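Student: Once you've had a glance at the structure underneath, I'll fire off some questions.
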Amino acid sequence: MTPEPEILWAPPTDVRDHTRIGDYLAFLERERNRSFADYEALWRWSVDDLDGFWSSIAGYFALDLGGKSGPVLAGRSMPGARWFPGRTVNYARHALRLPGRDDEDEVVISVSQTRPTASLTAAGLREAVARARAGLQRLGVRPGDRVAAYLPNTWETLVAFLATASLGGVWSSCAPEFGTRSVVDRLAQIEPTVLFVVDGYRYGSKAVDRTAEVAGVRAALPGLRATVVVSYLDPGTAATIPGAVAWDDLLADGGRSGFEEVAFDHPLYVLYSSGTTGLPKAIVHGHGGILLEHHKALALHTDLGPGDRFSWFTTTGWMMWNYLISGLTVGATIVLFDGDPGHPDLGTLWRLAAEARVTYLGVSAPFLMACRRAGLEPGVEHDLSGLRGVGSTGAPLPADGFRWVYRSVGRDLHLGSLSGGTDLCTGFLGPVPLLPVRAGEISCRMLGARAEAFDESGRSLVGRQGELVLTAPMPSMPVGLWNDPDGSRYRATYFNDYPGVWRHGDWITITERGSCVITGRSDATLNRGGIRLGTAEFYALVEGMPEISDSLVVHLEDDAGGPGELLLFVALRGDRPLDDGLRARIAGELRSNLSPRHVPDAILAVPTIPRTLSGKKLEVPVKRILTGTPPDEAASRGSLANPGALDPFAALARDRADARGVRPG
């Protein structure tokens with residue numbers, strides 16, 4: 001039996017009376033003659049009766065599906081399952097329905113560290129989208145055309161996306177902090193016809209010019225018919241980019257609202273894998289699957305609806321931007337933030353929550369742990385009386401992070417640890433108001449997500465660590481990968497290890513209670529003496545030490561079949577040296593709190609730990625560098641938050657090769 005951790009929050013006895021999932025349960029009883037004693041029974045039905053469950057989601061949220069009525073699901077094999085074949089839909093139509101909102105209600109708040117705060121009412125958002133739609137039509141955008149963006153998280157980006165979706169165009173975006181190569185590696189794959197850009201961006205107090213990068217990207221996209229410039233740092237920028245259309249000119253003429261009804265699986269947007277181990281995969285998501293999944297996740301699991309103000313810190317290059325935007329579909333006001341969450345200090349997002357009266361704030365697990373290490377007490381320092389929920393994703397949140405939220409942010413909050421990914425553009429492990437929050441655990445497998453832990457033989461495990469898999473299809477699984485007409489790359493990416501089963505790439509333990517613990521990426525496996533070790537437990541322990549700000553652990557296998565080498569890299573606080581005493585303390589903590597197998601063969605100091613722009617540690621690329629792969633082949637530097645962080649690992653690889661009398665490849 002998996003030991004039960006401390007319960008930090010428990011649902012009130014009348015939870016079904018004042019939550020959206022409670023209302024959904026009443027709908028099922030009233031309309032479908034189905035009742036469920038507890039969440040486990042509801043989840044089991046949702047993954048056993050896929051047709052019944054997903055049709056109930058479409059019915060409960062009154063999704064506007066046109067076309068010819070037919071089955072919910074054609075085929076159940078993966079890949080190949082098709083949802084609502086013959087039906088038509090448009091994502092933008094649903095986003096602009098804004099259920100429960102009046103025309104004068106504020107539905108978008110766009111906060112920037114560069115420009116004044118802007119807001120849009122429901123009527124104002126619809127008008128801006130109609131104008132942008134008309135502008136895109138003048139530029140020749142038709143259904144299926146790709147429209148790309150090199151924009152920050154502002155209201156203009158939202159409007160451009162919804163206008164594109166309304167036309168049946170296919171959206172794709174990169175954050176302006178991406179370098180030229182990273183943008184081209186992504187956008188050149190989809191050959192956009194229109195490109196939205198900014199002249200630069202501001203991060204903290206620093207203005208970063210991007211006009212040279214814009215020129216480089218445009219030169220690498222020969223199929224472009226038009227470039228639209230959102231002047232951001234300099235109001236006159238549009239005039240300096242040859243042939244560019246100014247944002248204000250795009251929206252100059254009034255347009256009528258309209259929505260191209262497209263097939264349920266028509267591409268809505270293209271997201272990209274991190275690109276840390278090669279050319280980023282271009283992952284295609286469809287209108288209908290995203291609508292179904294995000295309604296379920298945001299309304300039933302996150303309890304969002306009219307009256308909520310929903311914010312998640314993200315850039316436009318991370319899937320959480322797409323997830324945040326879908327807050328509109330369930331009637332929430334979305335609060336966009338454009339800036340540096342650490343400028344002028346780590347209190348920035350907590351101040352945003354207080355000033356904008358955010359009711360649900362999403363951040364990354366590393367951000368919460370940084371706030372904990374800095375000794376912040378946001379609940380004391382700011383008026384967070386309107387905040388009822390905090391979301392955490394991007395990495396496993398250690399138990400100490402859970403405790404810090406309840407101690408320092410708010411005792412009555414619903415903390416939602418979420419795990420999923422770009423591949424499905426959602427979380428499929430997460431919170432639900434019906435279940436308690438336990439320190440260090442994700443509350444549940446979310447509705448409609450048949451997540452399991454598999455051993456190497458494909459047997460399902462409970463109470464033991466295994467490979468995270470999905471054994472039934474979900475609507476937001478990708479329509480496919482771009483330029484993969486026979487689906488071979490798609491199959492190889494997700495279905496090679498367990499035929500007919502989606503392998504996600506994480507280690508998971510599903511407890512006897514139904515809660516879940518993610519212990520790291522399975523493609524960054526630490527395997528010592530045949531025992532698989534998760535990386536998350538290393539990081540939780542090591543980064544809890546006051547001298548250490550960040551860490552990364554890799555295991556280098558021995559080709560001769562020996563135990564290999566376990567290396568722990570640490571970034572230290574201030575000028576603290578890594579001496580023998582600190583090394584001994586780290587090793588002692590790992591030995592006594594985890595096991596002797598967790599003690600590294602070497603502990604090395606580096607200036608900073610390499611991370612992607614979305615905050616993920618580069619365990620696999622570092623391992624590849626240390627085994628001889630040149631850094632620029634191991635990772636695309638433009639996809640990293642700190643490109644120079646790879647250099648110490650490359651230097652170490654050279655030194656190790658010299659010591660062995662060989663040179664890295």
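If you're wondering about the labels, chains in the structure tokens are A, B, ... by order shown, residues count from 1 in each chain, ligands from 1 in order shown.
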Report the residues of segment 285-468 of chain A whose backbone DSSP state falls under strand (DSSP E or B), written as a PyMOL selection string.
Tutor: chain A and resi 285-286+309-312+333-338+360-364+389-393+414-417+419-421+426-430+437-438+442+444-445+451-454+460-461+465-468
Student: Using only C-alpha atoms, what does the table of segment 401-437 of chain A residues within 12 Å of segment 355-373 of chain A look like, with each row giving the shortest atom pair and its distance in Å to one decimal, sorted by chain and ascending number, as a tab-separated table?
Tutor:
residue	atom	partner	partner_atom	distance
A:Gly401	CA	A:Met369	CA	5.8
A:Phe402	CA	A:Leu368	CA	8.9
A:Arg403	CA	A:Arg372	CA	9.7
A:Trp404	CA	A:Arg372	CA	6.3
A:Val405	CA	A:Leu368	CA	7.9
A:Tyr406	CA	A:Arg372	CA	11.3
A:Arg407	CA	A:Arg372	CA	10.2
A:Ser408	CA	A:Arg372	CA	8.5
A:Val409	CA	A:Arg372	CA	10.3
A:Leu413	CA	A:Tyr360	CA	9.4
A:His414	CA	A:Tyr360	CA	9.2
A:Leu415	CA	A:Gly362	CA	9.6
A:Gly416	CA	A:Gly362	CA	8.8
A:Ser417	CA	A:Ala365	CA	8.5
A:Leu418	CA	A:Ala365	CA	9.7
A:Ser419	CA	A:Ala365	CA	10.8
Student: Those same residues, written as a short mmCIF file (atom, residue, chain, number, x, y, z; two decimals), in the first residue's frame with all heavy atoms?
Tutor:
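Produced file again.cif, reproduced below:
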data_model
loop_
_atom_site.label_atom_id
_atom_site.label_comp_id
_atom_site.auth_asym_id
_atom_site.auth_seq_id
_atom_site.Cartn_x
_atom_site.Cartn_y
_atom_site.Cartn_z
N GLY A 401 6.49 21.99 -1.98
CA GLY A 401 5.85 23.05 -2.76
C GLY A 401 4.36 23.12 -2.45
O GLY A 401 3.79 24.21 -2.32
N PHE A 402 3.72 21.97 -2.32
CA PHE A 402 2.31 21.94 -1.92
C PHE A 402 2.13 22.62 -0.56
O PHE A 402 1.24 23.46 -0.37
CB PHE A 402 1.83 20.48 -1.80
CG PHE A 402 1.44 19.81 -3.08
CD1 PHE A 402 2.41 19.43 -4.02
CD2 PHE A 402 0.13 19.52 -3.37
CE1 PHE A 402 2.06 18.79 -5.18
CE2 PHE A 402 -0.24 18.87 -4.53
CZ PHE A 402 0.73 18.51 -5.44
N ARG A 403 2.98 22.24 0.38
CA ARG A 403 2.85 22.78 1.74
C ARG A 403 3.08 24.28 1.75
O ARG A 403 2.40 25.02 2.48
CB ARG A 403 3.83 22.07 2.67
CG ARG A 403 3.53 20.57 2.85
CD ARG A 403 4.41 19.96 3.92
NE ARG A 403 4.24 18.50 3.96
CZ ARG A 403 5.08 17.64 3.39
NH1 ARG A 403 6.16 18.08 2.75
NH2 ARG A 403 4.84 16.35 3.46
N TRP A 404 4.03 24.75 0.94
CA TRP A 404 4.30 26.20 0.90
C TRP A 404 3.07 26.96 0.41
O TRP A 404 2.72 28.01 0.95
CB TRP A 404 5.50 26.49 -0.01
CG TRP A 404 5.73 27.96 -0.16
CD1 TRP A 404 6.38 28.78 0.72
CD2 TRP A 404 5.26 28.81 -1.22
NE1 TRP A 404 6.35 30.09 0.27
CE2 TRP A 404 5.66 30.13 -0.91
CE3 TRP A 404 4.54 28.57 -2.38
CZ2 TRP A 404 5.37 31.21 -1.74
CZ3 TRP A 404 4.25 29.64 -3.21
CH2 TRP A 404 4.66 30.94 -2.90
N VAL A 405 2.40 26.43 -0.63
CA VAL A 405 1.21 27.11 -1.15
C VAL A 405 0.16 27.26 -0.06
O VAL A 405 -0.41 28.34 0.14
CB VAL A 405 0.62 26.35 -2.37
CG1 VAL A 405 -0.76 26.90 -2.74
CG2 VAL A 405 1.57 26.47 -3.57
N TYR A 406 -0.09 26.19 0.70
CA TYR A 406 -1.13 26.25 1.73
C TYR A 406 -0.69 27.06 2.95
O TYR A 406 -1.52 27.65 3.63
CB TYR A 406 -1.56 24.84 2.12
CG TYR A 406 -2.51 24.27 1.10
CD1 TYR A 406 -2.07 23.41 0.10
CD2 TYR A 406 -3.85 24.65 1.08
CE1 TYR A 406 -2.93 22.92 -0.87
CE2 TYR A 406 -4.72 24.18 0.11
CZ TYR A 406 -4.26 23.33 -0.86
OH TYR A 406 -5.11 22.87 -1.84
N ARG A 407 0.59 27.11 3.20
CA ARG A 407 1.08 27.89 4.33
C ARG A 407 1.22 29.38 3.99
O ARG A 407 0.89 30.25 4.81
CB ARG A 407 2.44 27.34 4.77
CG ARG A 407 3.05 28.05 6.00
CD ARG A 407 4.38 27.45 6.39
NE ARG A 407 5.40 27.66 5.37
CZ ARG A 407 5.92 26.71 4.62
NH1 ARG A 407 5.53 25.46 4.77
NH2 ARG A 407 6.84 26.97 3.71
N SER A 408 1.68 29.69 2.76
CA SER A 408 2.09 31.06 2.44
C SER A 408 1.20 31.78 1.44
O SER A 408 1.31 32.99 1.29
CB SER A 408 3.54 31.05 1.92
OG SER A 408 4.42 30.54 2.89
N VAL A 409 0.37 31.05 0.70
CA VAL A 409 -0.52 31.70 -0.28
C VAL A 409 -1.95 31.73 0.25
O VAL A 409 -2.59 32.78 0.29
CB VAL A 409 -0.45 31.00 -1.65
CG1 VAL A 409 -1.33 31.75 -2.66
CG2 VAL A 409 0.99 30.94 -2.16
N LEU A 413 -7.29 27.48 -0.58
CA LEU A 413 -7.16 27.36 -2.03
C LEU A 413 -7.31 25.91 -2.49
O LEU A 413 -6.97 24.98 -1.76
CB LEU A 413 -5.78 27.86 -2.47
CG LEU A 413 -5.46 29.33 -2.28
CD1 LEU A 413 -3.99 29.58 -2.56
CD2 LEU A 413 -6.32 30.18 -3.20
N HIS A 414 -7.78 25.76 -3.73
CA HIS A 414 -7.72 24.45 -4.36
C HIS A 414 -6.48 24.44 -5.24
O HIS A 414 -6.44 25.10 -6.27
CB HIS A 414 -8.98 24.20 -5.19
CG HIS A 414 -9.07 22.79 -5.69
ND1 HIS A 414 -9.79 22.43 -6.80
CD2 HIS A 414 -8.52 21.64 -5.23
CE1 HIS A 414 -9.69 21.14 -7.00
NE2 HIS A 414 -8.93 20.64 -6.07
N LEU A 415 -5.44 23.72 -4.81
CA LEU A 415 -4.19 23.62 -5.56
C LEU A 415 -4.31 22.50 -6.57
O LEU A 415 -4.56 21.34 -6.19
CB LEU A 415 -3.02 23.37 -4.61
CG LEU A 415 -1.66 23.09 -5.27
CD1 LEU A 415 -1.22 24.24 -6.16
CD2 LEU A 415 -0.61 22.81 -4.19
N GLY A 416 -4.14 22.83 -7.85
CA GLY A 416 -4.28 21.84 -8.90
C GLY A 416 -2.96 21.56 -9.58
O GLY A 416 -2.48 22.35 -10.39
N SER A 417 -2.34 20.43 -9.25
CA SER A 417 -1.13 20.00 -9.95
C SER A 417 -1.57 19.27 -11.21
O SER A 417 -2.38 18.34 -11.16
CB SER A 417 -0.31 19.07 -9.06
OG SER A 417 0.89 18.68 -9.71
N LEU A 418 -1.06 19.73 -12.36
CA LEU A 418 -1.55 19.29 -13.67
C LEU A 418 -0.40 18.67 -14.45
O LEU A 418 0.70 19.23 -14.48
CB LEU A 418 -2.10 20.50 -14.43
CG LEU A 418 -2.84 20.30 -15.74
CD1 LEU A 418 -4.22 19.69 -15.47
CD2 LEU A 418 -3.00 21.63 -16.46
N SER A 419 -0.63 17.54 -15.08
CA SER A 419 0.38 16.91 -15.92
C SER A 419 -0.25 16.46 -17.22
O SER A 419 -1.30 15.83 -17.24
CB SER A 419 1.01 15.70 -15.20
OG SER A 419 2.03 15.13 -15.98
#
Student: Mind pulling up the distance from atom CA of Leu336 of chain A to atom CA of Asp145 of chain A?
Tutor: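 These two atoms are separated by 26.6 Å.
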Student: Please compute the atom CA of Leu384 of chain A-atom CA of Trp350 of chain A distance, one decimal, in Å.
Tutor: 8.0 Å
Student: May I have all residues of segment 176-402 of chain A that DSSP, computed from the backbone, assigns to helix (DSSP H, G or I), given as a ChimeraX atom specification?
Tutor: /A:180-187,211-219,237-240,247-250,287-301,319-330,348-355,365-373,378-381,399-402
Student: For Pro630 of chain A, please output as a PyMOL selection string all residues within 10 Å (counting only C-alpha atoms; exclusion window: fewer than 3 positions along the same chain).
Tutor: chain A and resi 621+624-627+633-635+650+653+664-665
Student: Within 12 Å of Pro11 of chain A, counting only C-alpha atoms, which residues show up once you throw out same-chain ones fewer than 4 positions away? Write them as a ChimeraX atom specification, please.
Tutor: /A:7,15-19,22,412-415,431-438,443
Student: Show me, as an MDAnalysis selection string, the residues that have an atom within 9 Å of Arg464 of chain A when counting only C-alpha atoms, minus same-chain residues fewer than 2 positions from it.
Tutor: chainID A and resid 2 453 461:462 466 508:511
Student: Taking into account only C-alpha atoms, which residue in the set A:Glu191, A:Glu557, A:Asp49, A:Glu547 is nearest to Gly581 of chain A?
Tutor: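 Looking only at the distances to Gly581 of chain A, the closest residue turns out to be A:Glu547.
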Student: Could you name the residues that touch segment 92-94 of chain A at 10 Å or less, counting only C-alpha atoms, but leaving out those on the same chain fewer than 6 positions away, as a compact mmCIF listing (two decimals) with N, CA and C atoms, in the first residue's frame?
Tutor:
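Full text of out_3.txt as output:
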# COMPACT_ATOMS: atom_id res chain seq x y z
N ALA A 62 -23.64 22.23 -24.60
CA ALA A 62 -24.41 22.69 -25.77
C ALA A 62 -23.49 23.11 -26.91
N LEU A 63 -22.52 22.25 -27.23
CA LEU A 63 -21.61 22.56 -28.32
C LEU A 63 -22.38 22.56 -29.64
N ASP A 64 -22.06 23.54 -30.46
CA ASP A 64 -22.78 23.76 -31.71
C ASP A 64 -22.14 22.92 -32.81
N ARG A 126 -15.53 40.72 -29.91
CA ARG A 126 -16.17 40.25 -31.14
C ARG A 126 -15.92 41.21 -32.30
N VAL A 129 -12.24 40.88 -33.51
CA VAL A 129 -12.06 39.66 -34.28
C VAL A 129 -12.69 39.81 -35.67
N PHE A 161 -5.45 35.15 -33.60
CA PHE A 161 -5.73 33.72 -33.57
C PHE A 161 -7.21 33.44 -33.82
N LEU A 162 -8.09 34.13 -33.10
CA LEU A 162 -9.52 33.86 -33.26
C LEU A 162 -10.00 34.22 -34.66
N ALA A 163 -9.44 35.29 -35.25
CA ALA A 163 -9.81 35.65 -36.63
C ALA A 163 -9.38 34.56 -37.59
N THR A 164 -8.18 34.03 -37.39
CA THR A 164 -7.69 32.93 -38.24
C THR A 164 -8.59 31.71 -38.11
N ALA A 165 -8.91 31.35 -36.87
CA ALA A 165 -9.75 30.17 -36.65
C ALA A 165 -11.14 30.37 -37.24
N SER A 166 -11.65 31.59 -37.18
CA SER A 166 -12.99 31.84 -37.72
C SER A 166 -13.05 31.57 -39.21
N LEU A 167 -11.91 31.74 -39.89
CA LEU A 167 -11.84 31.53 -41.33
C LEU A 167 -11.50 30.09 -41.71
N GLY A 168 -11.24 29.26 -40.71
CA GLY A 168 -10.79 27.90 -41.01
C GLY A 168 -9.31 27.85 -41.33
N SER A 257 -19.16 39.52 -38.28
CA SER A 257 -18.79 38.23 -37.69
C SER A 257 -19.20 37.12 -38.62
N GLY A 258 -18.36 36.13 -38.73
CA GLY A 258 -18.66 34.97 -39.56
C GLY A 258 -17.76 33.82 -39.16
N PHE A 259 -18.20 32.61 -39.42
CA PHE A 259 -17.44 31.45 -38.98
C PHE A 259 -17.55 30.37 -40.05
N GLU A 260 -16.41 29.95 -40.53
CA GLU A 260 -16.34 28.86 -41.49
C GLU A 260 -16.53 27.54 -40.73
N GLU A 261 -17.61 26.85 -41.03
CA GLU A 261 -17.84 25.57 -40.37
C GLU A 261 -16.96 24.52 -41.04
N LEU A 268 -6.79 23.17 -36.31
CA LEU A 268 -7.01 24.45 -35.65
C LEU A 268 -5.69 25.17 -35.45
N HIS A 287 -10.12 21.41 -34.39
CA HIS A 287 -11.14 22.27 -33.77
C HIS A 287 -11.96 21.52 -32.73
N LEU A 291 -11.99 21.66 -28.46
CA LEU A 291 -13.19 22.18 -27.80
C LEU A 291 -13.72 21.22 -26.75
N SER A 326 -8.59 29.12 -24.03
CA SER A 326 -9.84 28.37 -23.99
C SER A 326 -10.68 28.71 -22.77
N LEU A 328 -12.05 31.37 -22.40
CA LEU A 328 -13.19 32.09 -22.99
C LEU A 328 -14.35 31.15 -23.28
N THR A 329 -14.04 29.92 -23.69
CA THR A 329 -15.11 29.01 -24.11
C THR A 329 -16.02 28.62 -22.97
N VAL A 330 -15.52 28.71 -21.72
CA VAL A 330 -16.36 28.36 -20.57
C VAL A 330 -16.87 29.60 -19.85
N GLY A 331 -16.67 30.77 -20.46
CA GLY A 331 -17.25 32.00 -19.93
C GLY A 331 -16.36 32.79 -19.00
Student: Could you jot down the atom CA of Leu65 of chain A to atom CA of Pro475 of chain A separation for me, Å, one decimal place?
Tutor: 14.7 Å
Student: Extract, using only C-alpha atoms, all DNA, RNA and protein residues at most 8 Å from Lys281 of chain A, discarding same-chain residues fewer than 4 positions from it, and format them as a list in words.
Tutor: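 Result of the neighbour search: Tyr272, Ser273, Gly275, Leu481 and Trp482 of chain A.
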Student: Produce a file of the selected residues containing all heavy atoms, as a PDB file, in the first residue's frame.
Tutor:
ATOM      1  N   TYR A 272       4.437  22.692 -31.269  1.00  0.00           N
ATOM      2  CA  TYR A 272       5.728  22.081 -31.563  1.00  0.00           C
ATOM      3  C   TYR A 272       6.321  21.448 -30.315  1.00  0.00           C
ATOM      4  O   TYR A 272       6.197  21.983 -29.207  1.00  0.00           O
ATOM      5  CB  TYR A 272       6.714  23.135 -32.100  1.00  0.00           C
ATOM      6  CG  TYR A 272       6.207  23.815 -33.347  1.00  0.00           C
ATOM      7  CD1 TYR A 272       5.477  24.995 -33.254  1.00  0.00           C
ATOM      8  CD2 TYR A 272       6.421  23.261 -34.607  1.00  0.00           C
ATOM      9  CE1 TYR A 272       4.979  25.612 -34.383  1.00  0.00           C
ATOM     10  CE2 TYR A 272       5.922  23.885 -35.749  1.00  0.00           C
ATOM     11  CZ  TYR A 272       5.189  25.055 -35.625  1.00  0.00           C
ATOM     12  OH  TYR A 272       4.691  25.661 -36.751  1.00  0.00           O
ATOM     13  N   SER A 273       6.985  20.313 -30.514  1.00  0.00           N
ATOM     14  CA  SER A 273       7.774  19.747 -29.429  1.00  0.00           C
ATOM     15  C   SER A 273       8.937  20.690 -29.145  1.00  0.00           C
ATOM     16  O   SER A 273       9.198  21.627 -29.910  1.00  0.00           O
ATOM     17  CB  SER A 273       8.264  18.346 -29.805  1.00  0.00           C
ATOM     18  OG  SER A 273       9.117  18.416 -30.943  1.00  0.00           O
ATOM     19  N   GLY A 275      12.055  20.632 -29.414  1.00  0.00           N
ATOM     20  CA  GLY A 275      13.151  20.790 -30.358  1.00  0.00           C
ATOM     21  C   GLY A 275      14.517  20.671 -29.721  1.00  0.00           C
ATOM     22  O   GLY A 275      15.509  21.103 -30.295  1.00  0.00           O
ATOM     23  N   LEU A 481       0.860  14.602 -37.399  1.00  0.00           N
ATOM     24  CA  LEU A 481       2.016  15.468 -37.491  1.00  0.00           C
ATOM     25  C   LEU A 481       2.036  16.081 -38.888  1.00  0.00           C
ATOM     26  O   LEU A 481       1.645  15.440 -39.872  1.00  0.00           O
ATOM     27  CB  LEU A 481       3.313  14.693 -37.245  1.00  0.00           C
ATOM     28  CG  LEU A 481       3.419  13.965 -35.897  1.00  0.00           C
ATOM     29  CD1 LEU A 481       4.776  13.267 -35.776  1.00  0.00           C
ATOM     30  CD2 LEU A 481       3.204  14.915 -34.730  1.00  0.00           C
ATOM     31  N   TRP A 482       2.483  17.322 -38.989  1.00  0.00           N
ATOM     32  CA  TRP A 482       2.490  18.009 -40.285  1.00  0.00           C
ATOM     33  C   TRP A 482       3.469  17.302 -41.227  1.00  0.00           C
ATOM     34  O   TRP A 482       4.516  16.826 -40.811  1.00  0.00           O
ATOM     35  CB  TRP A 482       2.888  19.469 -40.093  1.00  0.00           C
ATOM     36  CG  TRP A 482       2.510  20.317 -41.276  1.00  0.00           C
ATOM     37  CD1 TRP A 482       3.298  20.662 -42.332  1.00  0.00           C
ATOM     38  CD2 TRP A 482       1.226  20.902 -41.526  1.00  0.00           C
ATOM     39  NE1 TRP A 482       2.594  21.425 -43.225  1.00  0.00           N
ATOM     40  CE2 TRP A 482       1.326  21.591 -42.744  1.00  0.00           C
ATOM     41  CE3 TRP A 482       0.020  20.907 -40.818  1.00  0.00           C
ATOM     42  CZ2 TRP A 482       0.245  22.291 -43.280  1.00  0.00           C
ATOM     43  CZ3 TRP A 482      -1.058  21.596 -41.357  1.00  0.00           C
ATOM     44  CH2 TRP A 482      -0.938  22.278 -42.569  1.00  0.00           C
TER      45      TRP A 482
END
Student: My list of candidates is A:Met320, A:Ala282, A:Ala246, A:Ile109. Which is closest to Gly480 of chain A when distances are computed with only C-alpha atoms?
Tutor: A:Ala282
